[in-house]
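The structure under discussion appears below in the form of structure tokens.
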Amino acid sequence: MSKSEPRIGVYVCHCGLNIGAVVDVAAVAQYAQTLPGVVVSRESTYTCSDNGQRSIQEDIENHNLSRVVVASCSPRMHGDTFMKTCETAGLNPYLFEMVNIREQCSWVHTDKEQATEKAKDLVRMAVAKVRLLEPLEKQKSAVNKAALVIGGGVAGIFSALYLANAGIKTYVVEKKPSIGGHMAQLDKTFPTLDCSLCILSPRMADIGKHENIELITYADIENISGYAGNFQVTVKSNPRYVIKENCRLCGVCAEKCPISLPDEFNMGLKKRKAVYIPFPQAVPNYYLIDAGHCLHITKGGCMLCQKNCPNDAIDFEETEAVRELNVGAIIVATGFELYDATQKKEYGYGRYPNVITNMDFERWVSADGPTHGKVVRPSDGAPPQRIGFIQCVGSRDEKEGAVYCSRICCMATVKQATMLREKYPSAEIYVYYTDMRTPGKGFEEFYQRGREHGIVFIRGKPGEIEEDDNHNLLIVSEDTDSGLILRNTLDLVVLACGLRPPEALEELAQKLHLSRSPDGFIMEAHPKLRPAETSISGVFLTGCVQFPKDIPDTVAQSGGAAAMAAALLTKDEIELEPVRAAVDEELCIGCGLCEENCDYGAIEVKKTEEGMKAQVIEVACQGCGVCAASCPQKAVTVRHFTDGQLLAQVTAALEPEVIV
Amino acid sequence: MTFSPRIVGFMCNWCSYAGADLAGISRIKYAPNLRIIRVLCSGRVDPYVVLTAFQKGADGVLVAGCHPGDCHYISGNYQAEKKMKATWKILSKAGIDQERLGLEWISAAEGQRFADVVNSFTQLITELGPLQADPQKIASAKEETADFRIRWLVGREKDLLEEGNVFGEPVEEAVFETLLDDVVSAQYIRNSILTVLKEQSMSAKELAETLEIPSHVVVEHLIHLRRGQKVHMVEGHPIRYEVSAW
Amino acid sequence: MYEPKIIGFLCNWCSYAAADLAGTSRIQYPSNMRAIRVMCSSRVDPEHVLRAFVNGADGVLIAGCHPGDCHYISGNYKTERKYVLLREMLEQFGIDPRRLRLEWCSSAEGGKFAQVVTEMTEELKTLGPIELGAGD
Amino acid sequence: MVGSIMVVGGGIAGMQASLDLADSGFRVYLVDKAPTIGGVMAQLDKTFPTLDCSMCIMAPKLVATGRHHNIHLLTNAVITNVEGTPGNFTVTVTMKPRYVNAEKCTGCGLCAQYCPVEAVNEYDERLTLRRGIYVDYPQAVPLVYAIDREKCIGCGLCENICQAEAIEYHQTPEEEQVNVGAIILAAGFDEFEPDTKKEYGYGRFKNVVTATEFERILSASGPFAGHVVRPSDGEVPGRIAFLQCVGSRDENSNKYCSAVCCMYATKEAIIAKEHNPDLEATIFFMDMRTYGKGFEQFYKRAQSEYGLRYTRSRVPCIEADPETQNLLLTYETEDGTITKEEFDMVVLSVGLEPPKSNQELSSIFGVPLNEYGFLDWKIFEPLKAKDGIYACGAFSGPKDIPDTVAQASGAAAMASGVVSGERGTLVEEKVYPEELDVAEQPPRIGVFVCWCGINIGGIVNVPEVMEYASTLPNVVFVDQNLYTCSQDTQEKIKQAVEEHSLNRVVVASCTPRTHEPLFQSTIREAGLNPYLFEMTNIRDQCSWVHMHTPEEATEKAKDLVRMAVAKSNLLEPLKSSSVEVTQSGLVIGGGIAGMTAALGLAQQGFTVHLVEKEDHLGGLLRDIRYTVSGEDPQEYLTGLEQSLRDHPNVTIHTQAVVEKVEGYVGNFTTTLSSGEEINHGICVIAVGGQEHKPTSYLYGEDKRVITQLEFEDMLSKGVKAKTVVMINCVESRDDTKEYCSRVCCSEAVKNALQLREQNPDATIYILYRDMRTYAFREQYYDKAREAGVVFMRYDPETKPRLEKKDKSLVLYAHDSALDLDFELHPDLVVLSTGVSPYDNSALSQMLKVPLDRDGFFLEAHMKLRPVDFATDGVFMAGLAHSPKFIDETISQAFGTVARACTIVSKERIETEPIIAEVDEELCCGCQVCIPMCPYNARELDEEEKIVKVNEVLCKGCGSCVAACPSKAAQQRHFRDSQLSSMIEAFVRR
């Protein structure tokens with residue numbers, strides 16, 4: 001770069017009326033013209049449009065611009081766009097600076113004069129900084145051609161299969177002993193009433209045997225470090241105390257096991273033993289010992305399973321295994337948690353035996369459920385004749401902390417009601433709803449069919465449920481369509497519980513440095529255009545971890561996430577952001593504070609010929625700048641955010657007369 | 001004319017700056033006094049830059065980062081917190097109201113909160129009125145933020161308090177605070193002395209009167225400064241001190 | 001800027017130690033002097049001084065222990081006598097006697113040592129480069 | 001029996017004892033509780049009465065102690081247990097962790113430069129700050145940093161920036177069992193802490209400082225760079241008051257006299273005055289106790305030359321003006337007037353106290369302490385704590401440096417006496433490979449440039465300097481090292497010497513004063529003569545002092561390297577020659593000093609000749625009838641004489657005087673008046689002194705006027721006199737004898753007490769000028785006053801007059817304290833006349849050792865070589881040196897034994913390699929050089945008419961060389977050609 005006076009082009013955007021309606025764009029552009037080094041200053045209607053970009057490129061060529069400032073929207077929105085514009089015109093993209101006069105000015109201020117003044121200030125600050133910018137070159141880093149899918153539900157299964165089928169080595173990490181997720185627990189799927197496990201289990205089996213897939217179940221993600229193309233993931237698998245190769249699934253161990261426990265897969269409606277298999281179609285398909293309840297492990301002795309196992313498959317010596325995975329991309333597919341209906345005290349779930357959740361219903365109605373598919377009143381086993389479904393339990397309910405709609409419950413209820421109708425043609429079925437939401441292929445038809453089959457839909461959410469001595473349930477509600485007060489005594493009530501982000505998501509989000517939206521789900525890179533990406537390059541999203549969605553949407557999103565991951569992983573190398581720390585070895589005394597403060601291990605003090613000096617490990621550095629702000633010798637700086645640049649901005653903000 | 005404060009904001013790219021964007025996308029209105037400087041992480045905000053802002057005439061400085069635990073860079077915001085806590089100490093030495101330096105956690109999803117924070121901070125600074133601090137004091141305080149010892153201690157604070165010291169012993173927060181307070185106080189006096197002496201040479205007694213510090217304290221710090229080759233003594237009655245040219 | 005060249009003869013026990021102490025105390029002084037260590041200041045032969053000047057040294061510093069402190073009992077007294085004579089000789093040669101200095105620096109006087117070198121450098125700067133034969 | 005000795009305490013006493021022992025063939029373990037040795041003397045600015053720079057005279061001893069291969073330093077260590085018996089003790093030493101690896105620490109100081117923690121600097125008496133990792137002072141030995149665990153918060157900075165990787169946080173206390181034959185306790189003293197004396201406001205008033213604090217203020221390396229300023233506001237004080245006896249001679253603190261305060265106060269006042277001639281210094285005192293050699297003259301000069309004001313008064317309290325911080329002293333002068341006077345600053349002359357650790361030492365070693373907490377010793381065994389355990393210095397009571405040093409040597413002699421049979425069994429000599437003969441080879445120079453971590457490399461462009469060095473003539477190898485002094489670099493240097501056939505080595509790093517021996521040893525290991533090494537200092541004298549001009553510093557470093565290379569081109573291998581030593585001694589004088597020295601030497605296993613001019617041994621001690629503490633001197637004398645006569649190593653020559661002495665250290669030949677010729681390696685002068693015979697006060701005219709010795713003799717037979725008047729300072733401290741005779745005040749008190757015992761009704765007057773019952777002798781002064789002895793002070797202007805009126809004696813006296821005239825009618829007048837030297841001029845000439853102006857022998861150095869002469873191999877003890885007490889004489893006598901042993905214990909003594917030589921062709925015999933030599937190392941060869949250098953005596957200062965008009969004299973290693981090459985390498989036309 002020549003040391004000559006920079007030649008700066010400033011482009012002030014109207015953004016249609018978005019900016020122009022509040023900020024006097026022409027005045028800002030005129031003002032910019034007066035700033036030192038500014039040789040071109042233009043306004044444009046949409047700087048991001050082809051025309052707008054072309055104008056910049058032409059100026060770079062014709063006016064020999066060495067710096068470009070665009071005052072428009074957020075750099076988080078269009079920063080890349082304009083950097084590419086500059087690059088195409090042969091200007092190093094890091095000689096560009098963006099001023100946000102839309103999101104942080106025109107859209108948030110009403111006083112036109114003040115907003116215009118602010119816009120001028122912001123432009124001046126950017127010009128001050130841009131003068132000090134230096135061209136940066138992107139470095140390249142080799143890509144680890146493997147992917148990690150976190151979560152083994154339908155989202156994870158399909159993502160993994162897409163990737164594996166594209167020839168990419170894929171690790172699937174599931175925290176439960178088997179993959180399958182919530183979908184495996186469902187009896188049928190709407191609106192086709194396909195048998196859920198029938199369509200899922202072949203895919204589960206595919207995962208288990210795919211040559212490109214390595215499945216790690218009953219495992220937790222301990223730590224994640226690195227960056228796109230080069231993540232290091234530490235995975236800890238819990239011991240199952242059963243040797244996979246030896247287990248023949250004979251079940252003798254479970255027979256002999258003295259400990260009986262509620263079976264999670266069946267929502268506690270059935271029992272399992274402390275040595276068990278989660279469900280018959282589980283993948284991987286072999287027994288495991290529930291260490292938290294095993295008599296031998298918790299208290300010692302027992303070992304009936306081991307003594308009786310004909311194949312010596314029980315191994316109490318097994319310990320947790322920690323392994324390090326090197327992957328280039330990560331797909332987060334950790335799904336959802338069902339709303340805990342006991343929170344909704346007024347519906348008495350947990351107290352009234354005949355109040356069940358929609359997921360409980362799935363197990364009651366399932367052929368391998370507690371009653372082999374027969375839906376009964378839990379209190380007395382009698383076939384229910386009057387059944388109610390209550391919608392929006394834990395959804396659209398600010399009191400319960402979820403303003404959002406869980407999207408799938410309406411259809412799930414229609415499905416369940418339809419199934420009930422099939423089993424009990426004479427039963428009275430009531431659905432208490434807020435709004436029926438059926439925006440999907442075949443959904444409305446399915447709903448209408450339900451109505452035709454005599455399912456009564458009542459708009460009005462009951463305030464509470466009361467129980468009589470016979471465990472019959474009393475529901476009073478207002479039909480807001482007719483205004484009538486309805487009193488119903490019901491045999492069984494199904495609560496349509498909403499979907500919640502899993503509790504463990506917070507920790508995982510922190511490990512991955514992912515933002516979460518206020519609803520607690522992971523925030524996508526852009527709500528419209530980048531729904532399967534995150535703010536972290538190389539980390540993708542699919543399924544309900546992003547937001548509640550049904551199975552086809554999930555599978556589609558998995559395809560998207562997989563495609564993007566594959567796009568990254570099929571490259572041999574990726575470009576790294578050059579905004580990184582740099583050390584002035586003259587000043588550095590090797591005190592090591594930067595090394596200690598760096599969470600990425602990206603700066604290390606090393607013995608050099610000139611003594612101990614800090615050195616940046618460029619590929620690991622994320623550019624956060626903590627080291628620069630901490631360095632007691634002020635020997636560390638961050639490119640593109642140097643002290644000089646920040647101070648120039650500060651000065652420009654406060655001393656209009658001084659800019660250089 | 002009513003006082004309209006000048007506020008410089010340092011927003012981290014991932015949370016607070018995005019929060020500010022969200023406020024814009026949501027068209028939430030807020031006071032126009034803030035000038036945002038985007039940084040990648042709140043941990044990048046060097047106290048030296050903050051003091052420069054005050055020196056250049058900012059009435060308030062607002063630093064915002066991701067919520068604890070949410071830092072895009074793992075723990076940069078914790079570092080920011082330690083740095084700003086130390087900066088508060090330093091500001092109070094220079095007679096600057098600590099409240100003029102705000103530190104807030106604003107997530108990318110908190111557009112409304114961003115606006116609320118900006119409004120209430122602007123309100124607060126408006127109430128505090130224009131910053132009227134002695135330039136010499138600010139200069140001395142700014143030197144503090146460049147001081148090796150202070151920067152080192154602040155940088156080590158988090159690890160020391162959380163993980164204990166090199167001897168494997170826990171470090172009590174109170175002990176650390178006392179040390180940091182001592183260092184900040186001592187260094188402030190030394191910087192003040194140097195700031196004054198840069199203008200003209202003085203005797204210890206004159207320095208004490210100028211700085212309104214007990215003369216024996218001035219003497220103690222002069223000893224230290226002379227040992228550190230920052231000042232030297234000029235023979236005569238009284239003995240005066242000069243800033244060393246080297 | 002004219003930078004005078006100074007040769008310093010420092011006795012091992014006091015002045016050289018003083019120069020070391022100036023270093024350990026990080027006392028800064030101009031870099032114009034080059035030290036030649038001798039065991040005792042009395043080892044400095046007038047000829048060495050003259051040779052230095054003839055070869056183009058702008059100044060010569062001889063530094064020894066304080067009177068009474070000499071490691072060799074009385075060497076510094078002898079140095080002092082030589083110094084008086086040397087100054088006279090220098091004058092005869094037309095060399096400003098201010099170009100030669102004798103100083104006592106104890107091993108505790110790092111500051112004094114630095115001051116002496118500083119002063120001498122300053123003084124030589126005002127005297128300008130040595131011009132031999134000017135006095136002839 | 002074990003040939004090693006432990007010395008506890010690393011102050012000047014401990015260092016001296018260690019050096020004497022190590023030099024005479026014993027392994028020494030020197031234990032100090034501090035991280036560095038040096039003790040209090042390292043804190044002093046100057047020493048009295050010569051005003052020598054304390055650090056200057058002490059530093060060589062520090063370095064010698066630290067470097068001595070037979071002295072093992074155990075610093076930061078305490079003794080936790082002792083077992084065993086004399087000859088074989090097992091001592092458990094616990095080394096406190098310093099958290100710094102002593103082997104790895106290069107003392108570069110980077111850690112302290114950056115350490116974030118500040119703590120008060122005890123070395124500077126809390127007037128300055130140091131860091132959490134520190135050394136006490138730059139010259140510290142060992143120069144190894146230590147972490148102050150009380151202050152350190154464990155931030156880890158030092159570990160990170162220590163380029164030598166010397167920081168070890170995991171260190172724990174380490175116990176070591178040390179096997180030694182004898183032990184010397186030299187634990188020194190603590191200062192009285194004046195906080196308890198609330199009336200002086202110490203701590204409250206910033207301008208009230210202790211004398212040690214003032215010492216630091218005066219010091220060039222102290223808080224104010226030697227400027228006298230006061231702590232409250234940095235102003236230059238115009239009026240300073242010194243308050244004597246703070247924590248001494250005080251019912252409420254310490255009853256004893258601290259022995260050194262009068263002198264140090266005078267010294268400090270003089271130095272302050274030298275800094276600021278306008279200063280008004282006032283010393284408030286009770287008695288001026290300037291009793292030592294040269295002290296009285298110093299006191300007089302303080303008044304006459306420096307105008308110090310001495311006011312006889314004990315100041316009861318100090319008030320401070322809150323506004324000015326000036327101090328208001330209200331005091332009563334002798335005439336009873338109450339005076340108020342304002343001062344800018346007050347210095348408290350704090351006394352010496354036993355260290356708090358003494359109680360513990362006492363119980364661990366089982367040695368008795370006296371009522372004050374110092375060692376309880378006996379007058380004839382002043383150095384003995386118990387069998388096998390000896391003591392010296394302030395551990396056995398307050399004393400000044402020369403007394404301490406003499407005692408230290410003495411204790412060394414006693415301790416080594418226990419295990420003299422084991423001499424040489426545990427010492428280690430380093431074995432080097434045979435030296436390569438490179439004298440004829442053209443120079444092949446290797447240059448090693450040091451980074452010293454970043455100490456040099458951070459400023460000076462080391463690669464550039466190294467590159468530059470490679471262009472210099474005959475430089476065939478260059479290298480740069482992170483730490484040239486580290487162990488691995490030594491290997492690299494050796495390898496380079498071998499691989500590149502280097503025959504000269506230049507190291508550009510730090511100071512040769514500390515590091516030259518290391519590198520010399522390294523090249524010796526590679527087969528090179530150690531004098532083929534040259535060092536240049538680009539750290540202390542370059543990078544550290546030109547930090548802000550790195551380019552100029554680099555240029556200077558290049559110049560310095562060029563100069564060193566120029567000299568190294570001309571270096572020659574040097575060898576020390578050696579001469580055989582006659583391993584026996586001659587002691588001149590058969591008094592207590594000579595007898596003790598002779599017996600000591602004999603017990604060390606050397607033959608001794610004791611020469612006495614009288615027909616009997618005993619000297620002046622024969623006239624001492626009793627001691628104040630009740631021992632019987634004559635019994636002791638008899639025993640001593642018997643031991644001497646029984647000892648096979650001792651030959652006694654009575655009625656003999658020395659007629660002629662020839663030779664030099666190691667090889668003297670002395671001819672006695674009997675004609676007998678004695679060959680000996682060393683000589684001890686113990687010729688003693690005599691009681692001065694006065695001519696005033698009717699002495700010799702009236703039988704009732706006698707001297708103290710005569711009175712003592714009379715007392716031994718019984719004295720009936722009713723009224724006895726003693727007059728002190730008769731023909732002392734005046735024109736007759738300027739010096740104070742030290743012993744007379746105590747002698748008078750002793751005799752007064754003896755008389756009181758014999759004759760309770762007698763009226764006893766002691767007329768004195770200052771009562772100089774220093775140290776523990778103060779208790780007898782107290783006792784005498786309690787016993788009703790009347791003390792009456794007189795001024796020299798109003799001396800008592802003695803007249804004879806009608807056969808009776810009338811004494812007119814003026815009591816200066818009460819300002820009253822008295823008329824006394826004594827039955828007996830006893831004159832304290834002091835000690836006179838014999839006429840020592842003949843002996844002085846024969847042995848070529850000087851006398852002082854009073855006629856006593858003049859030691860090599862007033863402070864640190866009190867029993868040595870500048871001429872090697874000659875020592876002195878007792879009254880020949882100056883007046884002193886029996887215990888002091890015995891200590892000195894033993895001191896000469898230890899000093900002598902450093903010579904006679906060796907079969908050969910090596911000469912210094914760096915010495916002068918004479919080119920016989922050029923020498924014209926003008927003899928200009930002879931008086932130049934302070935060591936008598938040059939003499940005229942009468943036959944050849946040229947001057948020759950006695951290689952044994954020459955110390956290599958080079959004075960003679962610079963003086964030689966015909967350039968015949970040269971100094972090895974500092975030849976004219978070598979020095980000129982350096983000059984020309986820097987400035988060349």
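Scheme for the structure tokens: letters A, B, ... for chains in order shown; per-chain residue numbers from 1; ligand numbers from 1 in order shown.
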
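Residue-level contact on chain B: within 6 Å of chain A, counting only C-alpha atoms, the set is Asp21, Gly24, Ile25, Arg27, Ile28, Lys29, Tyr30, Leu40, Cys41, Gly43, Arg44, Val45, Asp46, Ala53, Asp70, His72, Ala109, Phe148, Arg151, Trp152 and Gly155 of chain B.
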
_Distance limit 9 Å, atoms considered: only C-alpha atoms. Which chain A residues sit that close to chain D? Return them as JSON, numbers by chain._
{"A": [586, 587, 589, 590, 591, 592, 593, 605, 607, 609, 610, 611, 612]}

What would the file look like if the residues just selected were written as a PDB file, in the first residue's frame with C-alpha atoms?
```pdb
ATOM      1  CA  GLU A 586       9.604  -5.254  19.861  1.00  0.00           C
ATOM      2  CA  LEU A 587       7.176  -4.382  22.612  1.00  0.00           C
ATOM      3  CA  ILE A 589       7.985  -9.052  26.870  1.00  0.00           C
ATOM      4  CA  GLY A 590       6.374 -12.450  26.900  1.00  0.00           C
ATOM      5  CA  CYS A 591       4.308 -11.927  30.024  1.00  0.00           C
ATOM      6  CA  GLY A 592       1.766 -14.419  28.762  1.00  0.00           C
ATOM      7  CA  LEU A 593      -1.369 -12.532  29.709  1.00  0.00           C
ATOM      8  CA  VAL A 605       4.234 -17.315  24.209  1.00  0.00           C
ATOM      9  CA  LYS A 607      10.848 -18.982  23.101  1.00  0.00           C
ATOM     10  CA  GLU A 609      15.917 -15.988  19.573  1.00  0.00           C
ATOM     11  CA  GLU A 610      14.851 -12.675  20.995  1.00  0.00           C
ATOM     12  CA  GLY A 611      13.422 -14.171  24.149  1.00  0.00           C
ATOM     13  CA  MET A 612       9.909 -15.121  25.061  1.00  0.00           C
TER      14      MET A 612
END
```

_Within 6 Å of chain D, which residues belong to chain C? Use only C-alpha atoms and report them as a list in words._
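The answer, sorted by residue number, is Asp20, Gly23, Arg26, Ile27, Gln28, Tyr29, Met39, Cys40, Ser42, Arg43, Val44, Asp45, Ala52, Asn55, Gly56, Ala57, Asp69, Ser107, Ala108 and Glu109 of chain C.
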
*asked:* Would you mind listing, as a PyMOL selection string, all residues of chain B that have at least one atom within 10 Å of chain C, where only C-alpha atoms are what counts?
replied: chain B and resi 226-230+232+244-246

*Write down, as a PyMOL selection string, each residue of chain B that has any atom within 7 Å of an atom of chain D, counting only C-alpha atoms.*
chain B and resi 149+156+160+165-167+204-205+215-216+219+223-224+237-239+246

_Run DSSP on the backbone and tell me which residues of stretch 22-98 of chain C come out as strand (DSSP E or B); list them as a count of residues only._
12

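The interatomic distance for the pair atom CA of D:Thr763 and atom CA of D:Thr723 works out to 4.6 Å.
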
*Distance of atom CA of D:Thr196 from atom CA of D:Cys257, expressed in Å to one decimal place*: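 One can read the atom CA of D:Cys257 to atom CA of D:Thr196 distance as 18.2 Å.
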
*D:Glu942: which residues within 10 Å, counting only C-alpha atoms, same-chain residues fewer than 4 positions away excluded, as number ranges by chain?*
D: 925, 946-947

Can you spit out the residues from that selection as a PDB file, in the first residue's frame, using N, CA, C and O atoms?
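Final output, saved to again-v3.pdb:
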```pdb
ATOM      1  N   GLY D 925      66.983   1.901  36.811  1.00  0.00           N
ATOM      2  CA  GLY D 925      67.247   1.927  38.246  1.00  0.00           C
ATOM      3  C   GLY D 925      66.938   3.237  38.920  1.00  0.00           C
ATOM      4  O   GLY D 925      67.491   3.536  39.975  1.00  0.00           O
ATOM      5  N   ILE D 946      68.962  -2.513  39.132  1.00  0.00           N
ATOM      6  CA  ILE D 946      67.628  -2.379  38.531  1.00  0.00           C
ATOM      7  C   ILE D 946      66.605  -2.751  39.594  1.00  0.00           C
ATOM      8  O   ILE D 946      66.934  -3.395  40.596  1.00  0.00           O
ATOM      9  N   VAL D 947      65.365  -2.334  39.341  1.00  0.00           N
ATOM     10  CA  VAL D 947      64.306  -2.636  40.302  1.00  0.00           C
ATOM     11  C   VAL D 947      63.642  -3.942  39.914  1.00  0.00           C
ATOM     12  O   VAL D 947      63.433  -4.233  38.734  1.00  0.00           O
TER      13      VAL D 947
END
```

_stretch 33-44 of chain A surroundings by only C-alpha atoms, 8 Å radius, close-in-sequence under 4 positions cut, as number ranges by chain_ = A: 5-15, 25-26, 29, 52, 59, 63, 65, 124, 127, 131, 659
